[in-house]
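Chemist: Handing you this structure, nothing more for now.
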Amino acid sequence: MIRAIDIHKSYFDVGKKLSVLRGVSLEIKENEILCVFGPSGAGKSTLLHILGGLDVPSKGNVEIQGKDLSKLNEEELALLRNQSIGFVFQFYHLLGEFNILENIALPAFLKQKKRIGFRNDIYKRAKELVNLVGLTERALHMPKELSGGEMQRVAIARALINDPRILLCDEPTGNLDSENGINICNILKRLNKENNTTIVLVSHDENMKRMATRTVFIKDGLLN
Ligand SMILES: Nc1ncnc2c1ncn2[C@@H]1O[C@H](COP(=O)(O)OP(=O)(O)OP(=O)(O)O)[C@@H](O)[C@H]1O
Ligand SMILES: [Mg+2]
């Protein structure tokens with residue numbers, strides 16, 4: 001489903017080179033739940049962004065469903081991301097001028113932009129997802145009125161709106177209490193079981209690690 005081959009990522013800052021990823025290779029099979037963990041600054045978010053085509057490696061390739069991302073143009077890449085990948089960002093990235101339901105629905109509107117008749121179906125699905133993450137009462141609130149954990153749950157619902165084949169989650173339970181954390185864990189587990197969704201998550205949560213079919217540790221830019 002996802003293949004990363006010898007991924008390097010470096011940043012240059014006032015002539016100094018910071019090597020974040022130093023040759024990461026990884027194959028993630030369909031239906032797998034891979035949990036990546038490691039110290040802060042180890043490059044977990046960087047790796048997840050590269051796997052999801054949101055960032056480009058300095059060296060190496062990523063293939064998703066057999067497609068080499070470096071060979072896609074911007075439009076093809078955007079289409080692949082919109083149709084096949086759900087991304088839960090570590091810092092949510094909700095749009096402040098839209099309410100919760102609209103935030104969740106947005107990727108579906110982008111996908112269906114030419115078919116206006118889908119509007120009601122999209123909102124119906126967005127409402128199901130808002131219920132699924134336990135935020136029914138908050139559907140019409142604005143992001144700034146929510147707590148961190150609530151925004152995180154909105155971000156998860158938004159990542160699911162297009163029924164992605166691949167779900168990439170960056171610390172999806174990082175700001176949740178244990179009850180909501182277990183709830184999200186169960187949602188992801190069910191999604192994997194019922195829809196065969198491939199899941200890659202960055203997490204230190206023991207429940208997540210237990211649920212995963214494989215865990216990898218990242219340190220000093222390498223996996224072990
Ligand atoms: N755009 C950037 N420019 C320069 N350095 C960056 C940039 N983005 C990330 N870094 C650096 O790369 C390293 C890895 O960052 P990354 O966010 O991937 O870590 P992480 O493992 O996700 O950490 P955390 O657990 O704190 O979320 C850090 O040292 C960070 O400062
Ligand atoms: Mg991170």
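Identifiers for the structure tokens are assigned positionally: chains receive A, B, ... in sequence, residues are indexed from 1 per chain, and ligands are indexed from 1 in the order shown.
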Around ligand 2, which protein and nucleic acid residues have at least one atom no more than 7 Å from it, if we count only C-alpha atoms and all ligand atoms? List them as a PyMOL selection string.

Modeler: chain A and resi 40-41+43-45+90+170

Chemist: Can I get the selection written as a PDB file, in the first residue's frame, with C-alpha atoms?

Modeler:
ATOM      1  CA  SER A  40      10.416  14.258  20.500  1.00  0.00           C
ATOM      2  CA  GLY A  41      12.239  15.691  17.506  1.00  0.00           C
ATOM      3  CA  GLY A  43      11.340  12.967  12.852  1.00  0.00           C
ATOM      4  CA  LYS A  44       8.014  11.184  13.343  1.00  0.00           C
ATOM      5  CA  SER A  45       5.837  13.987  11.976  1.00  0.00           C
ATOM      6  CA  GLN A  90      -0.642  16.718  15.253  1.00  0.00           C
ATOM      7  CA  ASP A 170      -0.070  12.074  14.055  1.00  0.00           C
TER       8      ASP A 170
END

Chemist: Name the residues, by chain letter and number, that sit within 12 Å of ligand 1 using only C-alpha atoms and all ligand atoms, and give them as an MDAnalysis selection string.

Modeler: chainID A and resid 8:22 36:50 55:57 89:91 169:172 174 201:204 217:223

Chemist: Could you write those residues out with N, CA and C atoms, as a compact mmCIF listing (two decimals), in the first residue's frame?

Modeler:
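Final output, out_34.txt:
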# COMPACT_ATOMS: atom_id res chain seq x y z
N HIS A 8 15.53 10.21 2.99
CA HIS A 8 16.36 11.16 3.73
C HIS A 8 15.63 12.49 3.76
N LYS A 9 15.76 13.20 4.87
CA LYS A 9 15.24 14.57 4.91
C LYS A 9 16.19 15.43 5.73
N SER A 10 16.66 16.50 5.11
CA SER A 10 17.56 17.41 5.81
C SER A 10 17.03 18.83 5.70
N TYR A 11 17.30 19.59 6.71
CA TYR A 11 16.99 21.02 6.68
C TYR A 11 18.29 21.79 6.77
N PHE A 12 18.33 22.94 6.09
CA PHE A 12 19.52 23.78 6.16
C PHE A 12 19.16 25.07 6.86
N ASP A 13 19.93 25.38 7.86
CA ASP A 13 19.65 26.57 8.64
C ASP A 13 20.96 27.32 8.83
N VAL A 14 21.00 28.56 8.36
CA VAL A 14 22.23 29.38 8.34
C VAL A 14 23.49 28.52 8.11
N GLY A 15 23.45 27.82 6.97
CA GLY A 15 24.63 27.04 6.57
C GLY A 15 24.83 25.74 7.33
N LYS A 16 24.00 25.50 8.34
CA LYS A 16 24.15 24.26 9.12
C LYS A 16 23.13 23.24 8.65
N LYS A 17 23.57 22.00 8.49
CA LYS A 17 22.67 20.96 8.00
C LYS A 17 22.11 20.15 9.16
N LEU A 18 20.79 20.03 9.16
CA LEU A 18 20.13 19.19 10.18
C LEU A 18 19.55 17.98 9.46
N SER A 19 20.13 16.81 9.71
CA SER A 19 19.62 15.59 9.07
C SER A 19 18.57 14.96 9.97
N VAL A 20 17.32 15.04 9.53
CA VAL A 20 16.23 14.53 10.37
C VAL A 20 15.99 13.05 10.07
N LEU A 21 15.86 12.70 8.80
CA LEU A 21 15.71 11.29 8.42
C LEU A 21 16.96 10.90 7.64
N ARG A 22 17.53 9.74 7.97
CA ARG A 22 18.83 9.39 7.40
C ARG A 22 18.83 8.03 6.71
N VAL A 36 4.26 4.15 14.90
CA VAL A 36 5.61 4.69 14.95
C VAL A 36 5.76 5.46 16.25
N PHE A 37 6.81 5.17 17.00
CA PHE A 37 7.04 5.96 18.21
C PHE A 37 8.53 6.29 18.33
N GLY A 38 8.84 7.20 19.22
CA GLY A 38 10.23 7.64 19.37
C GLY A 38 10.26 9.00 20.04
N PRO A 39 11.45 9.45 20.44
CA PRO A 39 11.55 10.71 21.20
C PRO A 39 11.10 11.94 20.40
N SER A 40 10.80 13.00 21.13
CA SER A 40 10.42 14.26 20.50
C SER A 40 11.56 14.76 19.62
N GLY A 41 11.22 15.19 18.43
CA GLY A 41 12.24 15.69 17.51
C GLY A 41 12.89 14.59 16.68
N ALA A 42 12.45 13.36 16.87
CA ALA A 42 13.07 12.22 16.16
C ALA A 42 12.74 12.20 14.67
N GLY A 43 11.70 12.94 14.27
CA GLY A 43 11.34 12.97 12.85
C GLY A 43 10.06 12.22 12.54
N LYS A 44 9.25 11.95 13.55
CA LYS A 44 8.01 11.18 13.34
C LYS A 44 7.03 11.93 12.45
N SER A 45 6.78 13.21 12.80
CA SER A 45 5.84 13.99 11.98
C SER A 45 6.38 14.17 10.57
N THR A 46 7.68 14.44 10.49
CA THR A 46 8.32 14.61 9.17
C THR A 46 8.10 13.37 8.32
N LEU A 47 8.32 12.19 8.90
CA LEU A 47 8.14 10.94 8.16
C LEU A 47 6.69 10.77 7.71
N LEU A 48 5.76 11.05 8.61
CA LEU A 48 4.34 10.88 8.28
C LEU A 48 3.93 11.84 7.14
N HIS A 49 4.42 13.08 7.20
CA HIS A 49 4.12 14.04 6.13
C HIS A 49 4.67 13.56 4.79
N ILE A 50 5.85 12.99 4.82
CA ILE A 50 6.46 12.49 3.58
C ILE A 50 5.68 11.28 3.06
N ASP A 55 4.93 16.44 2.13
CA ASP A 55 6.27 16.99 2.17
C ASP A 55 7.12 16.10 1.27
N VAL A 56 8.19 16.64 0.71
CA VAL A 56 9.01 15.82 -0.19
C VAL A 56 10.34 15.46 0.49
N PRO A 57 10.79 14.23 0.27
CA PRO A 57 12.08 13.85 0.85
C PRO A 57 13.24 14.55 0.12
N PHE A 89 -3.65 15.68 11.60
CA PHE A 89 -2.43 16.42 11.93
C PHE A 89 -2.23 16.53 13.44
N GLN A 90 -0.97 16.58 13.83
CA GLN A 90 -0.64 16.72 15.25
C GLN A 90 -1.28 17.99 15.82
N PHE A 91 -1.33 19.05 15.03
CA PHE A 91 -1.90 20.31 15.54
C PHE A 91 -3.22 20.65 14.82
N CYS A 169 -2.20 9.18 11.03
CA CYS A 169 -2.59 9.93 12.23
C CYS A 169 -1.38 10.30 13.06
N ASP A 170 -1.21 11.60 13.28
CA ASP A 170 -0.07 12.07 14.06
C ASP A 170 -0.51 12.35 15.49
N GLU A 171 -0.19 11.46 16.38
CA GLU A 171 -0.57 11.54 17.80
C GLU A 171 -2.07 11.82 17.97
N PRO A 172 -2.90 10.92 17.46
CA PRO A 172 -4.36 11.17 17.46
C PRO A 172 -5.00 11.19 18.84
N GLY A 174 -3.09 12.30 21.55
CA GLY A 174 -2.15 13.08 22.36
C GLY A 174 -2.80 14.02 23.36
N LEU A 201 0.14 5.29 12.39
CA LEU A 201 -0.03 6.31 13.41
C LEU A 201 1.24 6.53 14.18
N VAL A 202 1.42 7.80 14.55
CA VAL A 202 2.49 8.16 15.47
C VAL A 202 1.84 8.24 16.83
N SER A 203 2.34 7.45 17.76
CA SER A 203 1.71 7.47 19.08
C SER A 203 2.59 6.83 20.14
N HIS A 204 2.45 7.34 21.36
CA HIS A 204 3.13 6.72 22.50
C HIS A 204 2.12 6.02 23.39
N PHE A 217 10.27 1.86 16.04
CA PHE A 217 10.86 2.90 16.87
C PHE A 217 11.78 3.74 16.00
N ILE A 218 11.65 5.04 16.08
CA ILE A 218 12.51 5.91 15.27
C ILE A 218 13.39 6.74 16.20
N LYS A 219 14.67 6.73 15.89
CA LYS A 219 15.62 7.51 16.69
C LYS A 219 16.81 7.86 15.82
N ASP A 220 17.33 9.06 16.01
CA ASP A 220 18.49 9.53 15.24
C ASP A 220 18.29 9.34 13.74
N GLY A 221 17.07 9.55 13.28
CA GLY A 221 16.80 9.52 11.84
C GLY A 221 16.71 8.16 11.23
N LEU A 222 16.71 7.12 12.07
CA LEU A 222 16.63 5.74 11.56
C LEU A 222 15.57 4.94 12.30
N LEU A 223 15.06 3.95 11.62
CA LEU A 223 14.09 3.05 12.25
C LEU A 223 14.81 1.85 12.85

Chemist: When DSSP is applied to the backbone of this structure, which of region 6-223 of chain A are assigned strand (DSSP E)? Write them out as a PyMOL selection string.

Modeler: chain A and resi 6-13+16-28+33-37+59-64+67-68+85-88+166-170+198-202+214-219+222-223

Chemist: Mind listing the alpha helix (DSSP H) residues of region 64-199 of chain A, per DSSP on the backbone, as an MDAnalysis selection string?

Modeler: chainID A and resid 74:84 100:111 119:132 148:160 178:195

Chemist: Store the residues picked out above in a file with C-alpha atoms, as a PDB file, in the first residue's frame.

Modeler:
ATOM      1  CA  GLU A  74       0.690  18.842  -8.204  1.00  0.00           C
ATOM      2  CA  GLU A  75      -2.817  18.108  -9.431  1.00  0.00           C
ATOM      3  CA  GLU A  76      -2.371  14.328  -9.494  1.00  0.00           C
ATOM      4  CA  LEU A  77      -0.832  14.415  -6.039  1.00  0.00           C
ATOM      5  CA  ALA A  78      -3.681  16.527  -4.661  1.00  0.00           C
ATOM      6  CA  LEU A  79      -6.191  14.097  -6.151  1.00  0.00           C
ATOM      7  CA  LEU A  80      -4.454  11.079  -4.629  1.00  0.00           C
ATOM      8  CA  ARG A  81      -4.323  12.781  -1.238  1.00  0.00           C
ATOM      9  CA  ASN A  82      -7.964  13.801  -1.386  1.00  0.00           C
ATOM     10  CA  GLN A  83      -9.270  10.439  -2.556  1.00  0.00           C
ATOM     11  CA  SER A  84      -7.045   7.884  -0.885  1.00  0.00           C
ATOM     12  CA  ILE A 100     -17.228  21.901  13.066  1.00  0.00           C
ATOM     13  CA  LEU A 101     -19.622  20.247  10.653  1.00  0.00           C
ATOM     14  CA  GLU A 102     -18.274  22.323   7.754  1.00  0.00           C
ATOM     15  CA  ASN A 103     -14.690  21.488   8.706  1.00  0.00           C
ATOM     16  CA  ILE A 104     -15.521  17.787   8.659  1.00  0.00           C
ATOM     17  CA  ALA A 105     -17.410  18.056   5.352  1.00  0.00           C
ATOM     18  CA  LEU A 106     -14.817  20.137   3.511  1.00  0.00           C
ATOM     19  CA  PRO A 107     -12.671  17.346   1.995  1.00  0.00           C
ATOM     20  CA  ALA A 108     -15.864  15.768   0.630  1.00  0.00           C
ATOM     21  CA  PHE A 109     -16.876  19.035  -1.040  1.00  0.00           C
ATOM     22  CA  LEU A 110     -13.439  19.274  -2.616  1.00  0.00           C
ATOM     23  CA  LYS A 111     -13.838  15.733  -3.916  1.00  0.00           C
ATOM     24  CA  ARG A 119     -24.511  18.460  -0.596  1.00  0.00           C
ATOM     25  CA  ASN A 120     -27.140  16.797   1.607  1.00  0.00           C
ATOM     26  CA  ASP A 121     -25.415  13.420   1.507  1.00  0.00           C
ATOM     27  CA  ILE A 122     -22.166  15.039   2.551  1.00  0.00           C
ATOM     28  CA  TYR A 123     -23.737  16.794   5.531  1.00  0.00           C
ATOM     29  CA  LYS A 124     -25.510  13.589   6.502  1.00  0.00           C
ATOM     30  CA  ARG A 125     -22.197  11.727   6.532  1.00  0.00           C
ATOM     31  CA  ALA A 126     -20.502  14.625   8.398  1.00  0.00           C
ATOM     32  CA  LYS A 127     -23.224  14.406  11.068  1.00  0.00           C
ATOM     33  CA  GLU A 128     -22.664  10.655  11.449  1.00  0.00           C
ATOM     34  CA  LEU A 129     -18.976  11.318  11.948  1.00  0.00           C
ATOM     35  CA  VAL A 130     -19.563  14.120  14.435  1.00  0.00           C
ATOM     36  CA  ASN A 131     -21.687  11.623  16.426  1.00  0.00           C
ATOM     37  CA  LEU A 132     -19.053   8.924  16.064  1.00  0.00           C
ATOM     38  CA  GLY A 148      -7.648  20.639  22.266  1.00  0.00           C
ATOM     39  CA  GLY A 149      -9.078  17.155  22.690  1.00  0.00           C
ATOM     40  CA  GLU A 150     -12.325  18.164  20.989  1.00  0.00           C
ATOM     41  CA  MET A 151     -10.439  19.679  18.044  1.00  0.00           C
ATOM     42  CA  GLN A 152      -8.457  16.479  17.797  1.00  0.00           C
ATOM     43  CA  ARG A 153     -11.666  14.475  17.499  1.00  0.00           C
ATOM     44  CA  VAL A 154     -12.925  16.859  14.785  1.00  0.00           C
ATOM     45  CA  ALA A 155      -9.657  16.327  12.919  1.00  0.00           C
ATOM     46  CA  ILE A 156     -10.217  12.568  13.081  1.00  0.00           C
ATOM     47  CA  ALA A 157     -13.783  12.888  11.788  1.00  0.00           C
ATOM     48  CA  ARG A 158     -12.563  15.116   8.937  1.00  0.00           C
ATOM     49  CA  ALA A 159      -9.921  12.561   7.970  1.00  0.00           C
ATOM     50  CA  LEU A 160     -12.648   9.929   7.614  1.00  0.00           C
ATOM     51  CA  SER A 178      -8.128   7.995  28.719  1.00  0.00           C
ATOM     52  CA  GLU A 179     -11.837   7.500  28.018  1.00  0.00           C
ATOM     53  CA  ASN A 180     -11.786   9.476  24.775  1.00  0.00           C
ATOM     54  CA  GLY A 181      -8.424   7.963  23.902  1.00  0.00           C
ATOM     55  CA  ILE A 182      -9.847   4.451  24.162  1.00  0.00           C
ATOM     56  CA  ASN A 183     -12.869   5.578  22.173  1.00  0.00           C
ATOM     57  CA  ILE A 184     -10.646   6.811  19.296  1.00  0.00           C
ATOM     58  CA  CYS A 185      -8.577   3.660  19.531  1.00  0.00           C
ATOM     59  CA  ASN A 186     -11.745   1.573  19.113  1.00  0.00           C
ATOM     60  CA  ILE A 187     -12.919   3.687  16.169  1.00  0.00           C
ATOM     61  CA  LEU A 188      -9.595   3.136  14.384  1.00  0.00           C
ATOM     62  CA  LYS A 189      -9.608  -0.578  15.170  1.00  0.00           C
ATOM     63  CA  ARG A 190     -13.130  -0.955  13.791  1.00  0.00           C
ATOM     64  CA  LEU A 191     -12.260   1.016  10.673  1.00  0.00           C
ATOM     65  CA  ASN A 192      -9.323  -1.256  10.041  1.00  0.00           C
ATOM     66  CA  LYS A 193     -11.374  -4.388  10.584  1.00  0.00           C
ATOM     67  CA  GLU A 194     -14.546  -3.417   8.743  1.00  0.00           C
ATOM     68  CA  ASN A 195     -13.182  -1.271   5.901  1.00  0.00           C
TER      69      ASN A 195
END

Chemist: Between A:Gly52, A:Gly60, A:Gln112, A:Met142, which has the minimum distance to Leu94 (chain A) (counting only C-alpha atoms)?

Modeler: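 Nearest to Leu94 (chain A): A:Met142.
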
Chemist: In Å, rounded to a single decimal, give me how far CA of Val216 (chain A) is from CA of Gly23 (chain A).

Modeler: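 Those two atoms sit 14.4 Å apart.
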
Chemist: Quick check, in Å to one decimal: how far apart do CA of Gly66 (chain A) and CA of Leu34 (chain A) lie?

Modeler: 18.7 Å

Chemist: For each of A:Gly86, A:Lys67, A:Ala139, A:Val62, take the minimum atom-to-atom distance to Asn99 (chain A), counting only C-alpha atoms, then give the residue where this is smallest.

Modeler: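 Looking at the shortest contact to Asn99 (chain A), the residue is A:Ala139.
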